[in-house]
Every structure is written in C-alpha cells, then in structure tokens.
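J.: Have a look at the structure that comes next, please.
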Protein chains: 2
Amino acid sequence: MCDHHSRDKKGSVCRCGGGLPVEKFMQPCLLILLKQHSSHGYDLIQQLAEFGFSERLDPGSVYRTLRRLEDEGLVTSHWDVGEGGPARRLYSLSDEGEEMLHAWAVHIRQQRKRMDVFLERYQSLFSKEN
Amino acid sequence: MCDHHSRDKKGSVCRCGGGLPVEKFMQPCLLILLKQHSSHGYDLIQQLAEFGFSERLDPGSVYRTLRRLEDEGLVTSHWDVGEGGPARRLYSLSDEGEEMLHAWAVHIRQQRKRMDVFLERYQSLFSKEN
DNA sequence: AATCCATATAGACAAATTACACATAGAGAG
DNA sequence: CTCTCTATGTGTAATTTGTCTATATGGATT
C-alpha cells in the first residue's frame, strides 16, 4: 500500500502508512462508482485503481467492504445469473448511500484541509534551509 | 472526532470517520512540532489543536503515541524536573525522526492527491444537476 | 481430456488500532 | 481542606486491518 519507499531489510512494511486506511477510504470510492452505474465486485476492483488503490488490491477486502455497506443499507445487491461465467452480485447505490456520499465529501474536504495545514507547515520549515 | 454531523440515536459514532485515524496522523504532527522546538506532552496536546485535532483530545493517546515514537527511535526524551509543577518529560526530535518526517510529507502528499481525485470526481458528478 | 488461467465471491484469523474510561500525583488558589 | 490545573500514564473491549486461503465457473491452450 505504501509505494514511496521500499520495505526495510526485516521485511516489515513502512511505518508511515497511516494517512488513509485502505478499507475506510474504499467506502466513499465504491459509493461514487456505484453512483455512476451499478456494477459487480470484480468490476469495482478494477475501477478502484483510478482512486490510487493498488492494482493487486486484495479482492477479499473489497467484497467484505461491499457486504458491510449493504449491512448498513448504503448499497443493495441481487444475484445476476447472466449467461456465461459464474453468478455475480450486482450492487447498486441506495438513497441512504447517496446521502452518505455527500457526508463523506464534506468529511474528506475537512481531512484534506488538515493535510494542507501539515504540508504548509512542513514547507515553511524546510524551504529556506540548505 | 467527526464534527460535520451529529451522532445517531443509538449513540454510536458516525460511520465516516475514517479519513485520518487520530493516532496515525498525530505522529507526523508531533514530529513537525518537535522539529520547531522540543517540548513536553502536555504542551504538545495544546499545539495539536492547530492541526485540527479535537480541543479535548484524549491525553492518553498522545502520551502513548509519544512513547511509541521513542521506542522507534524517532524522538528522545529526558525528565525535566524544573522548579514548580510536577516533573515532566521533555521530548526532542532525533535525526531518524527528521528523516521519517520527510517520508511522511511524501506520503501525505500522495494521500492528498487521492482525495483530490475523489473530490473532483464527486464535483463533476453533482455539479450540473439541480 | 487435461491443464491452466481469468472471472467471481467469500471465510478465517492474528495483529494492530481505536476510543474511552480510569489512575496517579504535585502545586497553587480560595 | 478541597478544588482545579498541570502533567503523565494504564487498562481494556471492540473494531478494523491486512493477508491468506477456499470455492466454483468457464474459456483457452496443449
């Protein structure tokens, strides 16, 4: 998940991976994708790459997140037994989910502002020296 | 931590609190504050408000984070038994901590970019209608 | 027909993380 | 003597994360 510097010798992941937990930020991204058009999990995994998720994002976490969203009433699903290929679950955004999407947008703007505060402070600290 | 809409009837916190986990984002903020000048925990708690942390941020989580940063070698501390008031631990940024601060800045810029992608997509979806 | 790969969904689990409540203690004010 | 402010911590239950593994269908390749 953290690509900006490599893992250390011991094989542990880097310690600054905390900005955006994968499954948390995945939620508003899924909602916005489903606002555009209903689709199924496997397809959503591909589309999530546009939001900066790893191209080999763990499918299990996506399906788990989708099911949680459904538990919360933010999306609905029904089995789509089309011709060819295994049965797949087609997800759609609910009205409640669209409301939550708006709440997320407000929240994310706030979080971005906090990051701006940090980055401005960082730059003013390190811009003049060396 | 999430102020943009109230808690629901059951008393549970709102579900879109995931942008920036408190203790994770606290780490680079503490590093940048200690880059400016060494200080002790109680003082850092006040200063963290500038980064958008709640004014009644749990002190325990701050002290715990500071100790973890010390375990990782990013900060150093020694007891400051000054005149008046209880003894307090004075924290300073280490060289390794300053390096980590740079890594965090890169990371946070990336995360901010992902939020931009989300917000642009959000606005283009909802700008034209009504 | 046997094998392999892409599609598609899901469960299990250890470790980390969170929020919150609680514990301890010195010092000055009233 | 009690209250509040300063100052630093511990405990813990519940949630969340990342990762690994399981299962099944169907098309393509050999």
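Each chain of the structure tokens is named A, B, ... in the order shown, its residues numbered from 1; ligands are numbered from 1 in display order.
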As JSON, numbers by chain, which residues of chain A does DSSP assign to helix (DSSP H, G or I)?

T.: {"A": [22, 23, 24, 25, 26, 27, 28, 29, 30, 31, 32, 33, 34, 35, 36, 41, 42, 43, 44, 45, 46, 47, 48, 49, 50, 51, 59, 60, 61, 62, 63, 64, 65, 66, 67, 68, 69, 70, 71, 95, 96, 97, 98, 99, 100, 101, 102, 103, 104, 105, 106, 107, 108, 109, 110, 111, 112, 113, 114, 115, 116, 117, 118, 119, 120, 121, 122, 123, 124, 125, 126]}

J.: Quick one: write out the picked residues with C-alpha atoms as a PDB file, in the first residue's frame?

T.:
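Saved as selection.pdb:
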```pdb
ATOM      1  CA  VAL A  22      -7.473   1.028   2.675  1.00  0.00           C
ATOM      2  CA  GLU A  23     -10.953  -0.175   3.541  1.00  0.00           C
ATOM      3  CA  LYS A  24     -12.102   3.125   5.031  1.00  0.00           C
ATOM      4  CA  PHE A  25     -11.266   5.242   2.030  1.00  0.00           C
ATOM      5  CA  MET A  26     -12.559   2.470  -0.195  1.00  0.00           C
ATOM      6  CA  GLN A  27     -16.074   3.085   1.061  1.00  0.00           C
ATOM      7  CA  PRO A  28     -16.691   6.541  -0.447  1.00  0.00           C
ATOM      8  CA  CYS A  29     -14.884   5.431  -3.601  1.00  0.00           C
ATOM      9  CA  LEU A  30     -17.251   2.497  -4.012  1.00  0.00           C
ATOM     10  CA  LEU A  31     -20.230   4.745  -3.389  1.00  0.00           C
ATOM     11  CA  ILE A  32     -19.121   7.186  -6.070  1.00  0.00           C
ATOM     12  CA  LEU A  33     -18.512   4.385  -8.563  1.00  0.00           C
ATOM     13  CA  LEU A  34     -21.947   2.947  -7.865  1.00  0.00           C
ATOM     14  CA  LYS A  35     -23.480   6.405  -8.239  1.00  0.00           C
ATOM     15  CA  GLN A  36     -22.179   6.400 -11.805  1.00  0.00           C
ATOM     16  CA  GLY A  41     -17.474  -6.558  -7.187  1.00  0.00           C
ATOM     17  CA  TYR A  42     -14.926  -7.827  -9.632  1.00  0.00           C
ATOM     18  CA  ASP A  43     -15.518  -4.860 -11.897  1.00  0.00           C
ATOM     19  CA  LEU A  44     -15.337  -2.414  -8.998  1.00  0.00           C
ATOM     20  CA  ILE A  45     -11.930  -3.781  -8.087  1.00  0.00           C
ATOM     21  CA  GLN A  46     -10.631  -2.720 -11.493  1.00  0.00           C
ATOM     22  CA  GLN A  47     -12.222   0.702 -11.235  1.00  0.00           C
ATOM     23  CA  LEU A  48     -10.779   1.360  -7.784  1.00  0.00           C
ATOM     24  CA  ALA A  49      -7.343   1.687  -9.382  1.00  0.00           C
ATOM     25  CA  GLU A  50      -8.418   5.133 -10.579  1.00  0.00           C
ATOM     26  CA  PHE A  51      -8.532   6.261  -6.961  1.00  0.00           C
ATOM     27  CA  PRO A  59     -10.319  -8.848  -3.546  1.00  0.00           C
ATOM     28  CA  GLY A  60     -11.395 -10.198  -0.174  1.00  0.00           C
ATOM     29  CA  SER A  61     -11.278  -6.748   1.385  1.00  0.00           C
ATOM     30  CA  VAL A  62     -13.391  -5.275  -1.405  1.00  0.00           C
ATOM     31  CA  TYR A  63     -16.100  -7.909  -1.082  1.00  0.00           C
ATOM     32  CA  ARG A  64     -16.011  -7.541   2.670  1.00  0.00           C
ATOM     33  CA  THR A  65     -16.438  -3.780   2.369  1.00  0.00           C
ATOM     34  CA  LEU A  66     -19.317  -4.202  -0.068  1.00  0.00           C
ATOM     35  CA  ARG A  67     -21.087  -6.520   2.313  1.00  0.00           C
ATOM     36  CA  ARG A  68     -20.617  -4.093   5.156  1.00  0.00           C
ATOM     37  CA  LEU A  69     -22.022  -1.286   3.042  1.00  0.00           C
ATOM     38  CA  GLU A  70     -25.012  -3.484   2.338  1.00  0.00           C
ATOM     39  CA  ASP A  71     -25.451  -4.272   6.034  1.00  0.00           C
ATOM     40  CA  ASP A  95     -30.777   6.669  -1.384  1.00  0.00           C
ATOM     41  CA  GLU A  96     -29.184   6.386   2.013  1.00  0.00           C
ATOM     42  CA  GLY A  97     -25.910   5.605   0.326  1.00  0.00           C
ATOM     43  CA  GLU A  98     -26.106   8.757  -1.747  1.00  0.00           C
ATOM     44  CA  GLU A  99     -26.690  10.790   1.386  1.00  0.00           C
ATOM     45  CA  MET A 100     -23.682   9.137   2.969  1.00  0.00           C
ATOM     46  CA  LEU A 101     -21.650  10.004  -0.106  1.00  0.00           C
ATOM     47  CA  HIS A 102     -22.394  13.687   0.464  1.00  0.00           C
ATOM     48  CA  ALA A 103     -21.385  13.338   4.112  1.00  0.00           C
ATOM     49  CA  TRP A 104     -18.164  11.670   3.035  1.00  0.00           C
ATOM     50  CA  ALA A 105     -17.386  14.517   0.643  1.00  0.00           C
ATOM     51  CA  VAL A 106     -17.677  17.029   3.473  1.00  0.00           C
ATOM     52  CA  HIS A 107     -15.540  14.836   5.679  1.00  0.00           C
ATOM     53  CA  ILE A 108     -12.864  14.331   3.052  1.00  0.00           C
ATOM     54  CA  ARG A 109     -12.650  18.053   2.381  1.00  0.00           C
ATOM     55  CA  GLN A 110     -12.015  18.545   6.086  1.00  0.00           C
ATOM     56  CA  GLN A 111      -9.332  15.896   6.168  1.00  0.00           C
ATOM     57  CA  ARG A 112      -7.672  17.368   3.107  1.00  0.00           C
ATOM     58  CA  LYS A 113      -7.595  20.726   4.815  1.00  0.00           C
ATOM     59  CA  ARG A 114      -5.791  19.184   7.771  1.00  0.00           C
ATOM     60  CA  MET A 115      -3.227  17.734   5.401  1.00  0.00           C
ATOM     61  CA  ASP A 116      -2.817  21.156   3.823  1.00  0.00           C
ATOM     62  CA  VAL A 117      -2.097  22.635   7.231  1.00  0.00           C
ATOM     63  CA  PHE A 118       0.556  19.996   7.758  1.00  0.00           C
ATOM     64  CA  LEU A 119       2.125  20.433   4.328  1.00  0.00           C
ATOM     65  CA  GLU A 120       2.230  24.223   4.536  1.00  0.00           C
ATOM     66  CA  ARG A 121       3.867  23.995   7.912  1.00  0.00           C
ATOM     67  CA  TYR A 122       6.311  21.421   6.598  1.00  0.00           C
ATOM     68  CA  GLN A 123       7.280  23.522   3.608  1.00  0.00           C
ATOM     69  CA  SER A 124       7.783  26.692   5.608  1.00  0.00           C
ATOM     70  CA  LEU A 125      10.072  24.743   7.924  1.00  0.00           C
ATOM     71  CA  PHE A 126      12.268  23.248   5.247  1.00  0.00           C
TER      72      PHE A 126
END
```

J.: When you get a sec, could you note down which chain C residues fall within 9 Å of chain A, using only C-alpha atoms (C1' of nucleotides), as a list in words?

T.: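 Output check: DT7, DA8, DT9 and DA10 of chain C.
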
J.: Which of these, B:His37, B:Leu57, B:Leu74, B:Pro21, has the shortest distance to chain A once you count only C-alpha atoms?

T.: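 Of all the options, B:Pro21 lies closest to chain A.
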
J.: So how many Å separate atom C1' of DA16 of chain C and atom CA of Asp58 of chain A, to one decimal?

T.: 18.2 Å

J.: Could you give me, as a PyMOL selection string, the residues within 12 Å of DA2 of chain C, counting only C-alpha atoms (C1' of nucleotides) and dropping anything in the same chain fewer than 2 positions from it?

T.: (chain C and resi 4) or (chain D and resi 29-30)

J.: Find the residues around DT15 of chain D up to 12 Å (only C-alpha atoms (C1' of nucleotides) counted), leave out those fewer than 4 positions away in its own chain, and share them as a list in words.

T.: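 Once the nearby chain positions are removed, what remains is DA16, DT17, DT18 and DA19 of chain C.
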
J.: Please save N, CA, C and O atoms (P, O5', C5', C4', C3', O3' and C1' of nucleotides) of the selected residues as an mmCIF file, in the first residue's frame.

T.:
```cif
data_model
loop_
_atom_site.group_PDB
_atom_site.id
_atom_site.type_symbol
_atom_site.label_atom_id
_atom_site.label_comp_id
_atom_site.auth_asym_id
_atom_site.auth_seq_id
_atom_site.Cartn_x
_atom_site.Cartn_y
_atom_site.Cartn_z
ATOM 1 P P DA C 16 1.390 -6.530 15.729
ATOM 2 O "O5'" DA C 16 0.424 -5.310 15.349
ATOM 3 C "C5'" DA C 16 0.162 -5.054 13.985
ATOM 4 C "C4'" DA C 16 -0.986 -4.084 13.845
ATOM 5 C "C3'" DA C 16 -0.815 -2.775 14.619
ATOM 6 O "O3'" DA C 16 -1.079 -1.717 13.725
ATOM 7 C "C1'" DA C 16 -2.927 -3.753 15.102
ATOM 8 P P DT C 17 -0.701 -0.201 14.152
ATOM 9 O "O5'" DT C 17 -2.135 0.368 14.516
ATOM 10 C "C5'" DT C 17 -3.248 -0.034 13.740
ATOM 11 C "C4'" DT C 17 -4.489 0.600 14.299
ATOM 12 C "C3'" DT C 17 -4.217 1.822 15.180
ATOM 13 O "O3'" DT C 17 -4.900 2.929 14.610
ATOM 14 C "C1'" DT C 17 -5.694 0.276 16.263
ATOM 15 P P DT C 18 -5.032 4.301 15.417
ATOM 16 O "O5'" DT C 18 -6.391 4.030 16.185
ATOM 17 C "C5'" DT C 18 -7.481 3.485 15.419
ATOM 18 C "C4'" DT C 18 -8.791 3.688 16.155
ATOM 19 C "C3'" DT C 18 -8.825 4.947 17.006
ATOM 20 O "O3'" DT C 18 -9.888 5.785 16.584
ATOM 21 C "C1'" DT C 18 -9.308 2.959 18.335
ATOM 22 P P DA C 19 -9.976 7.280 17.335
ATOM 23 O "O5'" DA C 19 -10.995 7.010 18.520
ATOM 24 C "C5'" DA C 19 -12.201 6.307 18.269
ATOM 25 C "C4'" DA C 19 -12.869 5.958 19.585
ATOM 26 C "C3'" DA C 19 -13.018 7.137 20.539
ATOM 27 O "O3'" DA C 19 -14.334 7.110 21.071
ATOM 28 C "C1'" DA C 19 -11.861 5.368 21.617
#
```

J.: Could you tell me how far atom C1' of DA13 of chain D sits from atom CA of Gly52 of chain B, in Å to one decimal place?

T.: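 These two atoms are separated by 27.4 Å.
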
J.: Which value, in Å to one decimal, gives the distance between atom C1' of DC22 of chain C and atom C1' of DT17 of chain D?

T.: 27.6 Å

J.: Considering only strand (DSSP E or B) as DSSP defines it on the backbone, what residues of chain B qualify? List them as an NGL selection string.

T.: :B and (39-40 or 75-80 or 88-93)

J.: When the cut-off is 8 Å and we count only C-alpha atoms (C1' of nucleotides), which residues of chain D are near chain A, given as a list of chain:residue names?

T.: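 Using only C-alpha atoms (C1' of nucleotides), chain D residues at most 8 Å from chain A: D:DT17, D:DA24, D:DT25, D:DG26.
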
J.: Between A:Tyr91, A:Ser39, A:Ser127, A:Ser54, which has the minimum distance to Val75 of chain A (counting only C-alpha atoms)?

T.: A:Tyr91
